[in-house]
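**Student:** Dropping the structure in here first, questions after.
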Amino acid sequence: MNGDLKVALIGNPNTGKSTLFNVLTGLNQKVGNFPGVTVDKKTGFCKLADGRTAQVIDLPGTYSLYPKSKDETIVFEVLADKNNPSHPDLLLVVADASNLKRNLLLYTQVADLKIPVIIALNMIDLASKAGTDINVDELSSRLGVQVIPICARKGDNIEKLKEAIAYAPSTALQADTIEVEALAPGLIRKIQDEILVDKPYTALQLAHQHENLRYLPPAQSERIEEIEQEFSFHSSKVQAAETIARYNFINDILFDTVKFKQEAEKENLSNKIDKILTHKIWGFTIFFAILFLLFQAIFAWSEYPMTLIESLFTWLTNTAHEVLPSGVFTDLLVDGVLAGLSGVLVFIPQIAILFAFISILEDTGYMARVTFMMDKIMRKVGLNGKSVVPLIGGLACAVPSIMSARTIENWKDRIITIMVTPLVSCSARLPIYTLLISLVVPDQKIWGFINMQGVALMGMYVLSMVMAFVVAWVMKLIIHSKDKGYFIMELPVYRMPRWDNIGLTMYEKVKAFVFEAGKIIVAISIVLWVLASYGPPEKQRELEKKYQSAEYVANYSPEELERLKSSEKLENSYAGIFGKAIEPSIKPLGFDWKIGISLITSFAAREVFVGTMATIYSVDNDEAHMDSVREKMAQAKNPETGEPVFTFAVAFSLMVFYAFAMQCMSTLAIVYRETKSWKWPLIQLVYMTALAYFASLLVYNLLK
Amino acid sequence: MKLSQLLPGQTGIIKEFTDLEMSVKLMEMGCLPGESIVVERFAPLGDPMAIRVSGYQLSLRKNEASTIILQ
């Protein structure tokens, strides 16, 4: 489906652009990438009044066409390059009615690109409540475009907006804003003539941005550089002059169209909330209380649905063994596929809760305050207040978080953020932590309400955060740069979270986890099952013979014999041989060769650990005992000593290993893509593996 | 007088900027010469600061605020 026309949404951050996008497209949307870059590209479809369908594209929020971060370069590329697949037929500028002056700056810029445009005047209700009276008709006639006042949250006037989209002219009719040619006389004309650009403002933008535009052939970019030399073009000066000219134009229009009722400055609600939430003592107390609640919630609230999913899979496994004929295919289906699948699906509740929290914090505007409060501390360790978002996002997944580090303008701050984000415990470690904690930490409450397991989990998260800061601080001393960073950021007013938005985020993230991660996990589970079920043929034949010998049959009961045999078979399977090969190097950490197998398989993705354990222990166990992975691991005994394999020391050593080790190929791939060199992902891989090994060694020897 | 020297609750009017590159960014965010600024608060650790300018709240570091000269 392509739609009859392409409409792009553009606007400042915090103008309700994504709310409007959701209202227009409903569930009919998908998240992809702009080709070649990793900025999220949300597209959806919207049925118009005249029966046509519009493809709606959500462009990243920006204050101006001059990019402050890599994220924003894509906006101008999409608008200027007519061959870009996302190049719109119509632009919908979403403007915050209560802050029209700043919002119109972006409008005047895009208007000069001469693409047909409509203005959606959002949050009109808040503006009139605040005493701002906008003469919409006058504004519309002065700018020469349709202006539709809406309230996206309440869904007011959306039908009218859809009508306006349907009947929008196909050519740009908007009035000229400023005299663009006067900003760089001669230069603009020359670029227009030589590079064949039809609009003067596009030519001026090319002069400013040509070095970063990927669609521009290098020869043209070089030519523009030469023309700039010829006219001694000073980018910052011209930008400053342009911005002032645009604001003069805007002020003229707003003077005639907007009336402010001057009321005595009432202290607004947001300000009152800020007094508490960014208070010297209360601010941090509340922040840590929220984090504490988050971890308690992940454990306590997810318990019931997780047990439900677990028992469903136990039932499925048992039924499959009863109903299906026994044989290789049943074994593969049950011990390979089902075991792997249950390892994925069981974590849906926890991931859903985590993302619900993160999106509520972002949606209400609280995340911006966290950034504000933390900037000074973050700067001390070589980060930036804006690193808080990738670091907190890292709780979910390092991959999108590393992408979100693009909002950090300073190169050094950004590199350090990227380097330490994978240390933050992501949701893929959560299964490992929960599994191991539930094995060795008693499910008891202190003072009747603090769950011990929750405390242990929070401890792991705190440890990973502290390590991220320590590493960041070390890197701050090592990496040198002359770049100066800045931190100019809007603090949006507090708002109630939009529950449908949060539901949508939860749905999207869970879906991504199940399908993206799930694919890898199930595939690896199958491979593993094969590796764990088969081994060098001669060795396997020898084993069969050994257990059929009179000596064994006489001395052991049939069940015992079966158990011994399958355990020795696993030891001599390909997976066992592999695990044994690395056993000497991981023995000091308290790990045996079975854990070694998991370490190897989970190099691709940490989630695989639990699936691997499930597969290994299903193969190991006799079929009468189809317990959950947790029970299987709890029963695992060291064949030499008879002691449980997963002691307190081993479990924590293993958790610390997973906390610090770079066991995620997707992260390495994204770091390569973001830094455009193998240098950084390699450094990351080496330092994290070394850190994991030695930390684990330390923990095991301390707790042993 | 620089913006960074104001105390919470104090008001000033922007006169000019000392850093050209920073000024472009500040102006895009609504900090224009002639615009009045109210300092709302400082972060708990004393930096950055939150200001109110053209109807909304902006946060910036003290060293960035020191490039804004007030009338």
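The way I read the labels, and the way they are meant: chains A, B, ... in the order of the structure tokens, residue 1 as the first residue of every chain, and ligand 1 as the first ligand shown, with later ones counted on from there.
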Per residue of chain B within 12 Å of chain A, what are the shortest atom pair and its distance in Å to one decimal, counting only C-alpha atoms, with rows by chain and residue number, as a Markdown table?
**Tutor:**
```
| residue | atom | partner | partner_atom | distance |
| --- | --- | --- | --- | --- |
| B:Pro8 | CA | A:Lys275 | CA | 12.0 |
| B:Gly9 | CA | A:Glu267 | CA | 11.8 |
| B:Glu16 | CA | A:Ala240 | CA | 11.9 |
| B:Phe17 | CA | A:Ala240 | CA | 10.9 |
| B:Asp19 | CA | A:Ser236 | CA | 10.2 |
| B:Leu20 | CA | A:Ser236 | CA | 6.7 |
| B:Glu21 | CA | A:Ser236 | CA | 5.9 |
| B:Met22 | CA | A:Tyr486 | CA | 8.5 |
| B:Ser23 | CA | A:Ala240 | CA | 7.3 |
| B:Val24 | CA | A:Ala240 | CA | 5.3 |
| B:Lys25 | CA | A:Lys68 | CA | 8.1 |
| B:Leu26 | CA | A:Ile488 | CA | 7.6 |
| B:Met27 | CA | A:Thr243 | CA | 7.0 |
| B:Glu28 | CA | A:Tyr63 | CA | 6.6 |
| B:Met29 | CA | A:Arg102 | CA | 6.6 |
| B:Gly30 | CA | A:Arg102 | CA | 5.6 |
| B:Cys31 | CA | A:Arg102 | CA | 9.4 |
| B:Leu32 | CA | A:Ile244 | CA | 7.8 |
| B:Pro33 | CA | A:Ile244 | CA | 9.0 |
| B:Gly34 | CA | A:Ile244 | CA | 11.4 |
| B:Glu35 | CA | A:Tyr247 | CA | 11.4 |
| B:Val38 | CA | A:Glu265 | CA | 11.9 |
| B:Glu40 | CA | A:Asn271 | CA | 8.4 |
| B:Arg41 | CA | A:Lys275 | CA | 8.5 |
| B:Phe42 | CA | A:Thr278 | CA | 8.9 |
| B:Ala43 | CA | A:Met373 | CA | 5.3 |
| B:Pro44 | CA | A:Lys280 | CA | 4.4 |
| B:Leu45 | CA | A:Lys376 | CA | 6.7 |
| B:Gly46 | CA | A:Lys376 | CA | 8.1 |
| B:Asp47 | CA | A:Lys376 | CA | 6.1 |
| B:Pro48 | CA | A:Phe372 | CA | 6.7 |
| B:Met49 | CA | A:Phe372 | CA | 8.1 |
| B:Ala50 | CA | A:Leu491 | CA | 8.1 |
| B:Ile51 | CA | A:Leu491 | CA | 9.4 |
| B:Arg52 | CA | A:Leu491 | CA | 9.7 |
| B:Val53 | CA | A:Asn99 | CA | 10.1 |
| B:Ser54 | CA | A:Asn99 | CA | 7.3 |
| B:Gly55 | CA | A:Asn99 | CA | 6.2 |
| B:Tyr56 | CA | A:Asn99 | CA | 7.2 |
| B:Gln57 | CA | A:Leu491 | CA | 5.3 |
| B:Leu58 | CA | A:Glu490 | CA | 4.5 |
| B:Ser59 | CA | A:Met489 | CA | 5.2 |
| B:Leu60 | CA | A:Ile488 | CA | 4.6 |
| B:Arg61 | CA | A:Phe487 | CA | 6.2 |
| B:Lys62 | CA | A:Phe487 | CA | 9.8 |
| B:Asn63 | CA | A:Tyr486 | CA | 9.0 |
| B:Glu64 | CA | A:Tyr486 | CA | 7.1 |
| B:Ala65 | CA | A:Ile488 | CA | 9.5 |
| B:Thr67 | CA | A:Tyr486 | CA | 11.8 |
```
**Student:** Would you put the residues from that selection into a file with C-alpha atoms, as a compact mmCIF listing (two decimals), in the first residue's frame?
**Tutor:**
```
# COMPACT_ATOMS: atom_id res chain seq x y z
CA PRO B 8 16.31 32.84 40.74
CA GLY B 9 13.31 35.15 40.33
CA GLU B 16 23.64 40.62 22.71
CA PHE B 17 25.66 37.44 22.55
CA ASP B 19 29.52 33.58 20.99
CA LEU B 20 28.27 33.62 17.40
CA GLU B 21 27.76 29.89 17.01
CA MET B 22 25.94 29.58 20.32
CA SER B 23 23.82 32.62 19.48
CA VAL B 24 22.32 30.91 16.44
CA LYS B 25 21.16 28.01 18.59
CA LEU B 26 19.89 30.28 21.35
CA MET B 27 17.94 32.41 18.90
CA GLU B 28 16.34 29.36 17.31
CA MET B 29 15.13 28.46 20.79
CA GLY B 30 13.56 31.89 21.20
CA CYS B 31 16.34 33.79 23.01
CA LEU B 32 16.38 36.94 20.89
CA PRO B 33 17.83 40.37 21.56
CA GLY B 34 15.07 42.39 23.25
CA GLU B 35 13.41 39.34 24.73
CA VAL B 38 13.20 35.20 34.03
CA GLU B 40 13.25 30.20 37.37
CA ARG B 41 15.66 27.97 39.24
CA PHE B 42 19.01 26.30 39.38
CA ALA B 43 19.40 22.52 39.28
CA PRO B 44 19.86 20.94 42.73
CA LEU B 45 23.62 20.85 42.23
CA GLY B 46 23.80 24.50 41.13
CA ASP B 47 24.14 23.94 37.40
CA PRO B 48 22.45 24.01 34.82
CA MET B 49 19.79 26.69 35.21
CA ALA B 50 16.17 26.89 34.08
CA ILE B 51 14.92 30.13 32.53
CA ARG B 52 11.56 31.26 31.20
CA VAL B 53 11.76 32.90 27.79
CA SER B 54 8.98 33.70 25.30
CA GLY B 55 6.47 31.65 27.22
CA TYR B 56 8.32 28.43 27.86
CA GLN B 57 11.02 26.92 30.02
CA LEU B 58 14.53 26.39 28.76
CA SER B 59 17.42 24.75 30.52
CA LEU B 60 21.03 25.72 29.83
CA ARG B 61 24.38 25.48 31.53
CA LYS B 62 25.88 28.43 33.36
CA ASN B 63 28.76 28.71 30.94
CA GLU B 64 26.26 28.91 28.09
CA ALA B 65 24.22 31.48 29.97
CA THR B 67 27.43 34.15 26.58
```
**Student:** Can you list, as a count of residues only, every residue of chain B that DSSP puts in strand (DSSP E or B)?
**Tutor:** 28
**Student:** Can you work out the spacing between CA of Ala97 (chain A) and CA of Val258 (chain A) in Å, to one decimal?
**Tutor:**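 Spanning CA of Ala97 (chain A) to CA of Val258 (chain A) is a straight-line distance of 10.1 Å.
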**Student:** Could you pull the residues within 10 Å of Ile69 (chain B), counting only C-alpha atoms, minus those fewer than 3 positions along the same chain, as a PyMOL selection string?
**Tutor:** chain B and resi 1-4+12-18+33+65-66
**Student:** If you keep N, CA, C and O atoms, can you produce a file of those selected residues as a short mmCIF file (atom, residue, chain, number, x, y, z; two decimals), in the first residue's frame?
**Tutor:**
```cif
data_model
loop_
_atom_site.label_atom_id
_atom_site.label_comp_id
_atom_site.auth_asym_id
_atom_site.auth_seq_id
_atom_site.Cartn_x
_atom_site.Cartn_y
_atom_site.Cartn_z
N MET B 1 26.24 42.90 32.30
CA MET B 1 25.72 41.82 33.16
C MET B 1 25.40 40.58 32.32
O MET B 1 24.79 40.67 31.26
N LYS B 2 25.86 39.45 32.81
CA LYS B 2 25.59 38.22 32.08
C LYS B 2 24.38 37.50 32.68
O LYS B 2 24.11 37.65 33.87
N LEU B 3 23.72 36.72 31.85
CA LEU B 3 22.55 35.97 32.33
C LEU B 3 22.92 35.06 33.50
O LEU B 3 22.14 34.89 34.43
N SER B 4 24.13 34.50 33.45
CA SER B 4 24.53 33.55 34.49
C SER B 4 24.66 34.20 35.86
O SER B 4 24.74 33.51 36.87
N GLY B 12 15.79 39.80 33.24
CA GLY B 12 16.71 40.62 32.45
C GLY B 12 16.25 40.64 31.00
O GLY B 12 15.41 39.84 30.60
N ILE B 13 16.78 41.60 30.23
CA ILE B 13 16.43 41.67 28.81
C ILE B 13 17.71 41.42 27.99
O ILE B 13 18.76 42.00 28.27
N ILE B 14 17.59 40.54 27.00
CA ILE B 14 18.78 40.16 26.23
C ILE B 14 19.27 41.34 25.40
O ILE B 14 18.48 41.98 24.69
N LYS B 15 20.57 41.60 25.47
CA LYS B 15 21.14 42.67 24.66
C LYS B 15 21.91 42.07 23.49
O LYS B 15 21.65 42.38 22.34
N GLU B 16 22.85 41.21 23.79
CA GLU B 16 23.64 40.62 22.71
C GLU B 16 24.29 39.33 23.18
O GLU B 16 24.14 38.92 24.32
N PHE B 17 25.01 38.71 22.23
CA PHE B 17 25.66 37.44 22.55
C PHE B 17 27.17 37.57 22.35
O PHE B 17 27.61 38.36 21.51
N THR B 18 27.94 36.79 23.09
CA THR B 18 29.38 36.86 22.90
C THR B 18 29.90 35.72 22.04
O THR B 18 31.05 35.71 21.64
N PRO B 33 17.58 39.05 20.98
CA PRO B 33 17.83 40.37 21.56
C PRO B 33 16.50 41.10 21.78
O PRO B 33 15.63 41.08 20.91
N ALA B 65 24.95 30.28 29.59
CA ALA B 65 24.22 31.48 29.97
C ALA B 65 25.16 32.68 30.03
O ALA B 65 24.74 33.82 29.82
N SER B 66 26.43 32.42 30.26
CA SER B 66 27.37 33.55 30.36
C SER B 66 27.69 34.16 29.00
O SER B 66 28.31 35.21 28.93
#
```
**Student:** What are the DSSP alpha helix (DSSP H) residues of region 328-573 of chain A, as a PyMOL selection string?
**Tutor:** chain A and resi 328-331+339-345+348-364+366-380+388-393+398-404+411-420+429-440+452-478+499-512+518-533+537-548+550-555+558-571
**Student:** Near Leu206 (chain A), counting only C-alpha atoms, which residues have an atom at most 12 Å away, once you skip same-chain residues fewer than 2 positions from it, shown as number ranges by chain?
**Tutor:** A: 65-66, 73, 76-77, 80-81, 113, 187-188, 190-192, 195-197, 199-204, 208-216, 220-225, 227-228, 235
**Student:** Please measure the separation of CA of Ser311 (chain A) and CA of Ala456 (chain A), giving the value in Å to one decimal.
**Tutor:**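 Between these atoms lies a distance of 25.1 Å.
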**Student:** Excluding same-chain residues fewer than 3 positions from region 399-406 of chain A, what lies within 6 Å of it counting only C-alpha atoms, as a PyMOL selection string?
**Tutor:** chain A and resi 390+393-394+418+667
**Student:** Mind writing the picked residues with all heavy atoms as an mmCIF file, in the first residue's frame?
**Tutor:**
```cif
data_model
loop_
_atom_site.group_PDB
_atom_site.id
_atom_site.type_symbol
_atom_site.label_atom_id
_atom_site.label_comp_id
_atom_site.auth_asym_id
_atom_site.auth_seq_id
_atom_site.Cartn_x
_atom_site.Cartn_y
_atom_site.Cartn_z
ATOM 1 N N PRO A 390 19.876 7.843 27.106
ATOM 2 C CA PRO A 390 20.431 6.567 26.652
ATOM 3 C C PRO A 390 20.720 5.608 27.809
ATOM 4 O O PRO A 390 20.477 4.405 27.687
ATOM 5 C CB PRO A 390 21.739 6.952 25.951
ATOM 6 C CG PRO A 390 21.620 8.369 25.622
ATOM 7 C CD PRO A 390 20.640 8.980 26.568
ATOM 8 N N GLY A 393 17.467 4.348 29.036
ATOM 9 C CA GLY A 393 16.963 3.519 27.936
ATOM 10 C C GLY A 393 17.733 2.220 27.848
ATOM 11 O O GLY A 393 17.199 1.187 27.442
ATOM 12 N N GLY A 394 19.011 2.280 28.263
ATOM 13 C CA GLY A 394 19.848 1.083 28.265
ATOM 14 C C GLY A 394 19.287 -0.001 29.170
ATOM 15 O O GLY A 394 19.611 -1.169 29.005
ATOM 16 N N ILE A 418 28.085 6.179 24.241
ATOM 17 C CA ILE A 418 27.938 4.953 23.452
ATOM 18 C C ILE A 418 28.765 3.818 24.059
ATOM 19 O O ILE A 418 28.316 2.676 24.151
ATOM 20 C CB ILE A 418 28.368 5.205 21.991
ATOM 21 C CG1 ILE A 418 27.337 6.089 21.283
ATOM 22 C CG2 ILE A 418 28.553 3.899 21.230
ATOM 23 C CD1 ILE A 418 27.714 6.488 19.874
ATOM 24 N N THR A 667 24.471 -4.997 19.409
ATOM 25 C CA THR A 667 25.056 -3.778 19.946
ATOM 26 C C THR A 667 26.348 -3.436 19.213
ATOM 27 O O THR A 667 26.563 -2.292 18.822
ATOM 28 C CB THR A 667 25.324 -3.924 21.456
ATOM 29 O OG1 THR A 667 24.102 -4.256 22.097
ATOM 30 C CG2 THR A 667 25.873 -2.649 22.047
#
```
**Student:** I'd like the neighbourhood of region 538-551 of chain A as JSON, numbers by chain, where a residue qualifies if any of its atoms comes within 10 Å (using only C-alpha atoms), though same-chain residues fewer than 3 positions away should be ignored.
**Tutor:** {"A": [534, 535, 554, 555, 556, 561, 562, 564, 565, 566, 568, 569, 570, 572, 573]}
**Student:** Please produce a file of those selected residues containing N, CA, C and O atoms, as an mmCIF file, in the first residue's frame.
**Tutor:**
```cif
data_model
loop_
_atom_site.group_PDB
_atom_site.id
_atom_site.type_symbol
_atom_site.label_atom_id
_atom_site.label_comp_id
_atom_site.auth_asym_id
_atom_site.auth_seq_id
_atom_site.Cartn_x
_atom_site.Cartn_y
_atom_site.Cartn_z
ATOM 1 N N TYR A 534 23.816 -34.573 19.278
ATOM 2 C CA TYR A 534 24.700 -35.388 18.437
ATOM 3 C C TYR A 534 26.154 -35.136 18.774
ATOM 4 O O TYR A 534 26.508 -34.050 19.252
ATOM 5 N N GLY A 535 26.972 -36.116 18.494
ATOM 6 C CA GLY A 535 28.400 -35.958 18.748
ATOM 7 C C GLY A 535 29.164 -36.782 17.740
ATOM 8 O O GLY A 535 28.557 -37.351 16.823
ATOM 9 N N ALA A 554 23.351 -54.627 35.304
ATOM 10 C CA ALA A 554 23.172 -55.340 36.553
ATOM 11 C C ALA A 554 23.236 -54.406 37.756
ATOM 12 O O ALA A 554 22.505 -54.576 38.726
ATOM 13 N N ASN A 555 24.108 -53.416 37.699
ATOM 14 C CA ASN A 555 24.367 -52.598 38.874
ATOM 15 C C ASN A 555 23.434 -51.414 39.084
ATOM 16 O O ASN A 555 23.374 -50.867 40.177
ATOM 17 N N TYR A 556 22.763 -50.941 38.006
ATOM 18 C CA TYR A 556 21.926 -49.752 38.162
ATOM 19 C C TYR A 556 20.484 -50.048 37.797
ATOM 20 O O TYR A 556 20.203 -50.937 36.990
ATOM 21 N N LEU A 561 20.258 -45.659 35.036
ATOM 22 C CA LEU A 561 21.076 -45.961 33.866
ATOM 23 C C LEU A 561 20.824 -44.941 32.768
ATOM 24 O O LEU A 561 21.753 -44.397 32.170
ATOM 25 N N GLU A 562 19.539 -44.667 32.584
ATOM 26 C CA GLU A 562 19.124 -43.721 31.545
ATOM 27 C C GLU A 562 19.722 -42.329 31.818
ATOM 28 O O GLU A 562 20.219 -41.654 30.932
ATOM 29 N N LEU A 564 22.385 -41.544 33.729
ATOM 30 C CA LEU A 564 23.846 -41.561 33.560
ATOM 31 C C LEU A 564 24.213 -41.508 32.085
ATOM 32 O O LEU A 564 25.122 -40.782 31.676
ATOM 33 N N LYS A 565 23.432 -42.249 31.311
ATOM 34 C CA LYS A 565 23.750 -42.349 29.902
ATOM 35 C C LYS A 565 23.541 -41.002 29.195
ATOM 36 O O LYS A 565 24.414 -40.532 28.472
ATOM 37 N N SER A 566 22.393 -40.381 29.469
ATOM 38 C CA SER A 566 22.126 -39.135 28.753
ATOM 39 C C SER A 566 23.101 -38.042 29.184
ATOM 40 O O SER A 566 23.509 -37.199 28.391
ATOM 41 N N GLU A 568 26.203 -38.528 30.140
ATOM 42 C CA GLU A 568 27.497 -38.773 29.502
ATOM 43 C C GLU A 568 27.430 -38.495 28.003
ATOM 44 O O GLU A 568 28.410 -38.070 27.379
ATOM 45 N N LYS A 569 26.213 -38.725 27.447
ATOM 46 C CA LYS A 569 26.041 -38.438 26.024
ATOM 47 C C LYS A 569 26.210 -36.946 25.751
ATOM 48 O O LYS A 569 26.824 -36.537 24.781
ATOM 49 N N LEU A 570 25.614 -36.139 26.649
ATOM 50 C CA LEU A 570 25.725 -34.686 26.486
ATOM 51 C C LEU A 570 27.189 -34.264 26.597
ATOM 52 O O LEU A 570 27.677 -33.456 25.806
ATOM 53 N N ASN A 572 29.653 -35.839 25.739
ATOM 54 C CA ASN A 572 30.400 -36.218 24.546
ATOM 55 C C ASN A 572 29.767 -35.726 23.253
ATOM 56 O O ASN A 572 30.172 -36.114 22.176
ATOM 57 N N SER A 573 28.764 -34.870 23.403
ATOM 58 C CA SER A 573 28.165 -34.292 22.195
ATOM 59 C C SER A 573 29.079 -33.172 21.700
ATOM 60 O O SER A 573 30.030 -32.773 22.379
#
```
**Student:** Work out how far apart CA of Trp473 (chain A) and CA of Ile290 (chain A) are and give it in Å to one decimal.
**Tutor:**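 Between CA of Trp473 (chain A) and CA of Ile290 (chain A) the gap is 25.7 Å.
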